[in-house]
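Visitor: Sharing start.cif below, mmCIF, C-alpha atoms:
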```cif
data_query
loop_
_atom_site.label_atom_id
_atom_site.label_comp_id
_atom_site.auth_asym_id
_atom_site.auth_seq_id
_atom_site.Cartn_x
_atom_site.Cartn_y
_atom_site.Cartn_z
CA MET A 215 2.89 31.94 -0.56
CA SER A 216 6.17 30.38 0.50
CA ALA A 217 6.99 26.83 -0.54
CA ARG A 218 7.19 25.91 3.14
CA GLY A 219 3.48 26.43 3.70
CA ARG A 220 2.25 25.13 0.38
CA PRO A 221 0.28 21.85 0.40
CA GLY A 222 2.23 19.04 -1.19
CA THR A 223 5.54 20.01 0.32
CA VAL A 224 7.48 18.73 3.27
CA ASP A 225 9.85 21.36 4.59
CA GLY A 226 9.70 23.11 1.23
CA VAL A 227 10.58 19.97 -0.78
CA LYS A 228 8.21 19.35 -3.64
CA LEU A 229 8.51 16.61 -6.23
CA HIS A 230 8.90 18.09 -9.67
CA ARG A 231 7.17 16.44 -12.60
CA PRO A 232 9.94 14.00 -13.70
CA ALA A 233 10.56 12.80 -10.13
CA ARG A 234 6.83 12.56 -9.42
CA ARG A 235 6.30 10.49 -12.55
CA ALA A 236 9.24 8.21 -11.74
CA PHE A 237 7.95 7.59 -8.21
CA LEU A 238 4.44 7.05 -9.55
CA VAL A 239 5.70 4.39 -11.97
CA VAL A 240 7.67 2.68 -9.19
CA HIS A 241 4.63 2.81 -6.90
CA VAL A 242 2.20 1.42 -9.48
CA VAL A 243 4.59 -1.36 -10.56
CA ALA A 244 5.38 -2.33 -6.95
CA SER A 245 1.69 -2.25 -6.01
CA ALA A 246 0.72 -4.36 -9.02
CA GLY A 247 3.55 -6.76 -8.18
CA TRP A 248 2.31 -7.05 -4.60
CA LEU A 249 -1.21 -7.75 -5.84
CA GLY A 250 0.12 -10.37 -8.26
CA LEU A 251 2.25 -12.03 -5.60
CA SER A 252 -0.80 -12.26 -3.36
CA ALA A 253 -2.83 -13.84 -6.16
CA GLY A 254 0.00 -16.33 -6.72
CA LEU A 255 0.17 -17.12 -3.01
CA LEU A 256 -3.59 -17.69 -2.96
CA ALA A 257 -3.35 -20.09 -5.93
CA LEU A 258 -0.53 -21.99 -4.22
CA GLY A 259 -2.46 -22.05 -0.92
CA LEU A 260 -5.51 -23.44 -2.70
CA ALA A 261 -3.34 -26.09 -4.36
CA ALA A 262 -1.82 -27.03 -0.99
CA ASN A 263 -5.25 -27.35 0.61
CA THR A 264 -6.95 -29.30 -2.18
CA THR A 265 -4.30 -31.67 -3.47
CA GLY A 266 -4.12 -35.33 -2.63
CA SER A 267 -0.49 -35.51 -3.68
CA ALA A 268 2.26 -35.13 -1.08
CA ALA A 269 4.65 -33.92 -3.80
CA THR A 270 2.23 -31.19 -4.95
CA LEU A 271 1.60 -30.15 -1.35
CA GLU A 272 5.31 -29.82 -0.65
CA ALA A 273 5.96 -27.98 -3.93
CA ALA A 274 3.12 -25.56 -3.21
CA VAL A 275 4.24 -24.65 0.32
CA ARG A 276 7.90 -24.43 -0.68
CA SER A 277 6.94 -22.07 -3.53
CA MET A 278 4.93 -20.00 -1.06
CA LYS A 279 7.99 -19.79 1.18
CA LEU A 280 10.11 -18.60 -1.74
CA PHE A 281 7.59 -15.86 -2.56
CA ALA A 282 7.16 -14.87 1.09
CA ASP A 283 10.87 -14.83 1.96
CA TRP A 284 12.37 -13.25 -1.15
CA LEU A 285 9.72 -11.19 -2.89
CA LEU A 286 6.84 -10.19 -0.66
CA LEU A 287 8.56 -8.07 1.96
CA PRO A 288 10.83 -6.09 -0.44
CA VAL A 289 7.85 -5.36 -2.73
CA ALA A 290 5.70 -4.36 0.27
CA LEU A 291 8.39 -2.01 1.58
CA LEU A 292 8.93 -0.51 -1.88
CA THR A 293 5.18 0.09 -2.19
CA LEU A 294 5.07 1.71 1.25
CA ALA A 295 8.15 3.90 0.67
CA SER A 296 7.14 5.06 -2.82
CA GLY A 297 3.62 5.82 -1.61
CA LEU A 298 5.00 7.89 1.27
CA VAL A 299 7.29 9.86 -1.05
CA LEU A 300 4.39 10.53 -3.43
CA SER A 301 2.02 11.59 -0.69
CA LEU A 302 4.52 13.85 1.05
CA GLY A 303 5.90 15.42 -2.12
CA THR A 304 2.65 16.11 -3.97
CA PRO A 305 -0.53 18.08 -3.27
CA TRP A 306 -2.35 14.84 -2.35
CA GLY A 307 -0.55 14.84 0.98
CA LEU A 308 -0.48 11.97 3.46
CA ALA A 309 -3.31 13.12 5.71
CA ARG A 310 -5.21 15.53 3.45
CA HIS A 311 -7.46 13.06 1.61
CA ARG A 312 -9.24 10.15 3.24
CA TRP A 313 -8.42 7.73 0.42
CA VAL A 314 -4.67 8.40 0.72
CA TRP A 315 -4.81 8.11 4.51
CA THR A 316 -6.76 4.82 4.22
CA LYS A 317 -4.27 3.41 1.71
CA PHE A 318 -1.36 4.35 3.98
CA TRP A 319 -2.82 2.55 7.02
CA LEU A 320 -3.89 -0.50 5.00
CA THR A 321 -0.44 -0.74 3.42
CA LEU A 322 1.19 -0.47 6.83
CA ALA A 323 -1.18 -3.09 8.28
CA THR A 324 -0.69 -5.56 5.43
CA THR A 325 3.09 -5.11 5.51
CA THR A 326 3.04 -5.80 9.26
CA ALA A 327 0.77 -8.81 8.76
CA THR A 328 3.17 -10.13 6.11
CA VAL A 329 6.04 -10.06 8.61
CA PHE A 330 4.23 -11.31 11.71
CA ALA A 331 1.48 -13.59 10.37
CA LEU A 332 1.86 -14.70 6.75
CA ARG A 333 5.56 -15.55 6.72
CA PRO A 334 5.50 -17.46 10.05
CA GLY A 335 2.41 -19.40 8.91
CA VAL A 336 4.07 -20.37 5.64
CA ASN A 337 7.32 -21.29 7.42
CA GLU A 338 5.39 -23.52 9.85
CA ALA A 339 3.62 -25.22 6.93
CA VAL A 340 6.91 -25.85 5.13
CA SER A 341 8.53 -27.28 8.28
CA ALA A 342 5.64 -29.66 8.89
CA VAL A 343 5.27 -30.80 5.28
CA SER A 344 9.04 -31.22 4.82
CA ALA A 345 9.09 -33.48 7.90
CA GLY A 346 6.43 -35.68 6.29
CA HIS A 347 3.51 -34.38 8.35
CA PRO A 348 0.24 -33.13 6.89
CA LEU A 349 -0.45 -29.44 6.46
CA PRO A 350 -0.83 -28.20 10.07
CA ASP A 351 -3.60 -25.71 9.36
CA GLY A 352 -4.83 -25.05 5.85
CA GLY A 353 -6.03 -21.63 6.98
CA ASP A 354 -2.44 -20.53 7.63
CA VAL A 355 -1.67 -20.67 3.93
CA LEU A 356 -5.06 -19.34 2.79
CA PHE A 357 -6.09 -16.63 5.23
CA GLY A 358 -3.12 -14.30 4.65
CA PRO A 359 -3.36 -14.28 0.85
CA ILE A 360 -7.15 -13.84 0.95
CA VAL A 361 -6.94 -10.88 3.32
CA SER A 362 -4.03 -9.23 1.53
CA LEU A 363 -5.51 -9.74 -1.94
CA SER A 364 -8.80 -8.22 -0.74
CA ALA A 365 -6.94 -5.25 0.76
CA TYR A 366 -4.92 -4.65 -2.43
CA VAL A 367 -7.97 -4.82 -4.68
CA PHE A 368 -9.74 -2.37 -2.35
CA MET A 369 -6.72 -0.02 -2.38
CA THR A 370 -6.60 -0.19 -6.18
CA VAL A 371 -10.29 0.72 -6.37
CA ILE A 372 -9.93 3.73 -4.06
CA SER A 373 -6.81 4.84 -5.93
CA VAL A 374 -8.88 5.04 -9.09
CA LEU A 375 -12.11 6.45 -7.60
CA LYS A 376 -10.55 8.72 -4.93
CA PRO A 377 -13.65 8.70 -2.68
CA TRP A 378 -14.56 10.37 0.61
CA GLY A 379 -13.07 13.84 0.17
CA LEU A 380 -10.76 15.69 2.51
CA THR A 381 -9.82 14.75 6.06
CA ARG A 382 -10.37 17.24 8.87
CA ARG A 383 -6.70 18.24 8.49
CA GLY A 384 -7.15 18.60 4.73
CA ARG A 385 -10.14 20.92 5.21
CA ARG A 386 -8.14 23.02 7.69
CA LEU A 387 -5.22 23.30 5.26
CA ARG A 388 -7.52 24.25 2.40
CA GLU A 389 -9.17 26.96 4.48
CA SER A 390 -5.84 28.38 5.67
CA THR A 391 -4.61 28.47 2.06
CA ARG A 392 -7.75 30.31 0.95
CA ARG A 393 -7.41 32.86 3.75
CA ARG A 394 -3.76 33.60 2.87
CA THR A 395 -4.37 34.00 -0.86
CA PRO A 396 -5.50 37.54 -1.64
CA ALA A 397 -8.60 37.78 -3.76
CA GLU A 398 -7.89 38.63 -7.38
CA PRO A 399 -9.74 41.58 -8.87
CA ALA A 400 -12.53 40.66 -11.25
CA ARG A 401 -11.56 40.79 -14.91
CA VAL A 402 -13.70 42.79 -17.25
#
```
Here is the file; what I need is its structure written in the form of structure tokens.
Guide:
Amino acid sequence: MSARGRPGTVDGVKLHRPARRAFLVVHVVASAGWLGLSAGLLALGLAANTTGSAATLEAAVRSMKLFADWLLLPVALLTLASGLVLSLGTPWGLARHRWVWTKFWLTLATTTATVFALRPGVNEAVSAVSAGHPLPDGGDVLFGPIVSLSAYVFMTVISVLKPWGLTRRGRRLRESTRRRTPAEPARV
């Protein structure tokens, strides 16, 4: 079978073992970093919502802004990009297995939510607190980290368990591969 039609290739490009391992390390480290950043944001959000100290409140939301502005988006994009490279350059494929497909869409959704919901909520909280006002809405600094941390834990679990089997496309590809491969004679 030609490399072009083989599962785990995109236009005949397949990741060889050293490249696959390097991308896997990058993906796991970036994913773990994203999970850790979300846990840190949740801790800071809890501190901002439960403190009676104006100084602690301001320090917590300013720290959240630092995480959200400088770390969260680059780590999210690195996770997304490395996951895409791994899925497109290995037999797992992007749309062959339900767990990979689910991780892709959840990663895309949480990256989008980081840009359009979490960062603006944190920026609004910092602006209000810096001006001497109370925290505008405690949910703004808690909801994003809770949702993202839940999504990342879920994605970690399905990465380990690999549930649900093949997608409809994956079953079609498997069947077409089986039909093209000639049967080997039985060995005696």
Visitor: What would the selection look like, as a compact mmCIF listing (two decimals) with C-alpha atoms, in the frame of the given file, if the PyMOL selection byres ((chain A and resi 356-372) around 8) were run on the coordinates I just shared?
Guide:
```txt
# COMPACT_ATOMS: atom_id res chain seq x y z
CA SER A 245 1.69 -2.25 -6.01
CA TRP A 248 2.31 -7.05 -4.60
CA LEU A 249 -1.21 -7.75 -5.84
CA SER A 252 -0.80 -12.26 -3.36
CA ALA A 253 -2.83 -13.84 -6.16
CA LEU A 255 0.17 -17.12 -3.01
CA LEU A 256 -3.59 -17.69 -2.96
CA GLY A 259 -2.46 -22.05 -0.92
CA LEU A 260 -5.51 -23.44 -2.70
CA TRP A 313 -8.42 7.73 0.42
CA LYS A 317 -4.27 3.41 1.71
CA LEU A 320 -3.89 -0.50 5.00
CA THR A 324 -0.69 -5.56 5.43
CA ALA A 327 0.77 -8.81 8.76
CA THR A 328 3.17 -10.13 6.11
CA ALA A 331 1.48 -13.59 10.37
CA LEU A 332 1.86 -14.70 6.75
CA GLY A 352 -4.83 -25.05 5.85
CA GLY A 353 -6.03 -21.63 6.98
CA ASP A 354 -2.44 -20.53 7.63
CA VAL A 355 -1.67 -20.67 3.93
CA SER A 373 -6.81 4.84 -5.93
CA VAL A 374 -8.88 5.04 -9.09
CA LEU A 375 -12.11 6.45 -7.60
CA LYS A 376 -10.55 8.72 -4.93
CA PRO A 377 -13.65 8.70 -2.68
```
Visitor: Would you kindly return, as a count of residues only, each protein, DNA or RNA residue with an atom no farther than 10 Å from any atom of Val275 of chain A, considering all atoms listed in the file and excluding same-chain residues fewer than 2 positions away?
Guide: 25
Visitor: Atom CA of Trp284 of chain A and atom CA of Ala345 of chain A are how many Å apart?
Guide: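 Rounded to one decimal, the two atoms are 22.4 Å apart.
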Visitor: For the file shown, what are the residues hit by the PyMOL selection byres ((chain A and resi 293-295) around 9), laid out as a list in words?
Guide: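 Answer for the PyMOL selection byres ((chain A and resi 293-295) around 9): Val240, His241, Val242, Val243, Ala244, Ser245, Trp248, Pro288, Val289, Ala290, Leu291, Leu292, Ser296, Gly297, Leu298, Val299, Leu300, Phe318, Thr321, Leu322 and Thr325 of chain A.
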Visitor: Expand the PyMOL selection byres ((chain A and resi 231-236) around 8) into the individual residues it matches in the shown file, reporting them as an MDAnalysis selection string.
Guide: chainID A and resid 229:230 237:240 300 303:304
Visitor: Under the rule that all atoms listed in the file are counted, which of A:Leu251, A:Leu380, A:Leu308, A:Leu387 is the nearest residue to Leu287 of chain A?
Guide: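 Going through A:Leu251, A:Leu380, A:Leu308, A:Leu387 one by one, the smallest distance to Leu287 of chain A is for A:Leu251.
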Visitor: Expressed in Å to a single decimal, how great is the separation between atom CA of Arg312 of chain A and atom CA of Trp378 of chain A?
Guide: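 Here the two named atoms are 5.9 Å from each other.
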Visitor: Mind pulling up the distance from atom CA of Thr265 of chain A to atom CA of Arg333 of chain A?
Guide: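 Distance between the two atoms: 21.5 Å.
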Visitor: Might I get the box with edges along x, y and z of the file that holds all atoms of segment 229-242 of chain A listed there, padded by 5 Å on every side, given as centre and edge lengths in Å to one decimal, as lines of an AutoDock Vina configuration file?
Guide:
```
center_x = 6.4
center_y = 9.8
center_z = -10.0
size_x = 18.4
size_y = 26.7
size_z = 17.5
```
Visitor: Identify which of the residues A:Arg386, A:Gly250, A:Arg393, A:Trp306 lies closest to Leu285 of chain A, counting only C-alpha atoms when measuring atom-to-atom distances.
Guide: A:Gly250
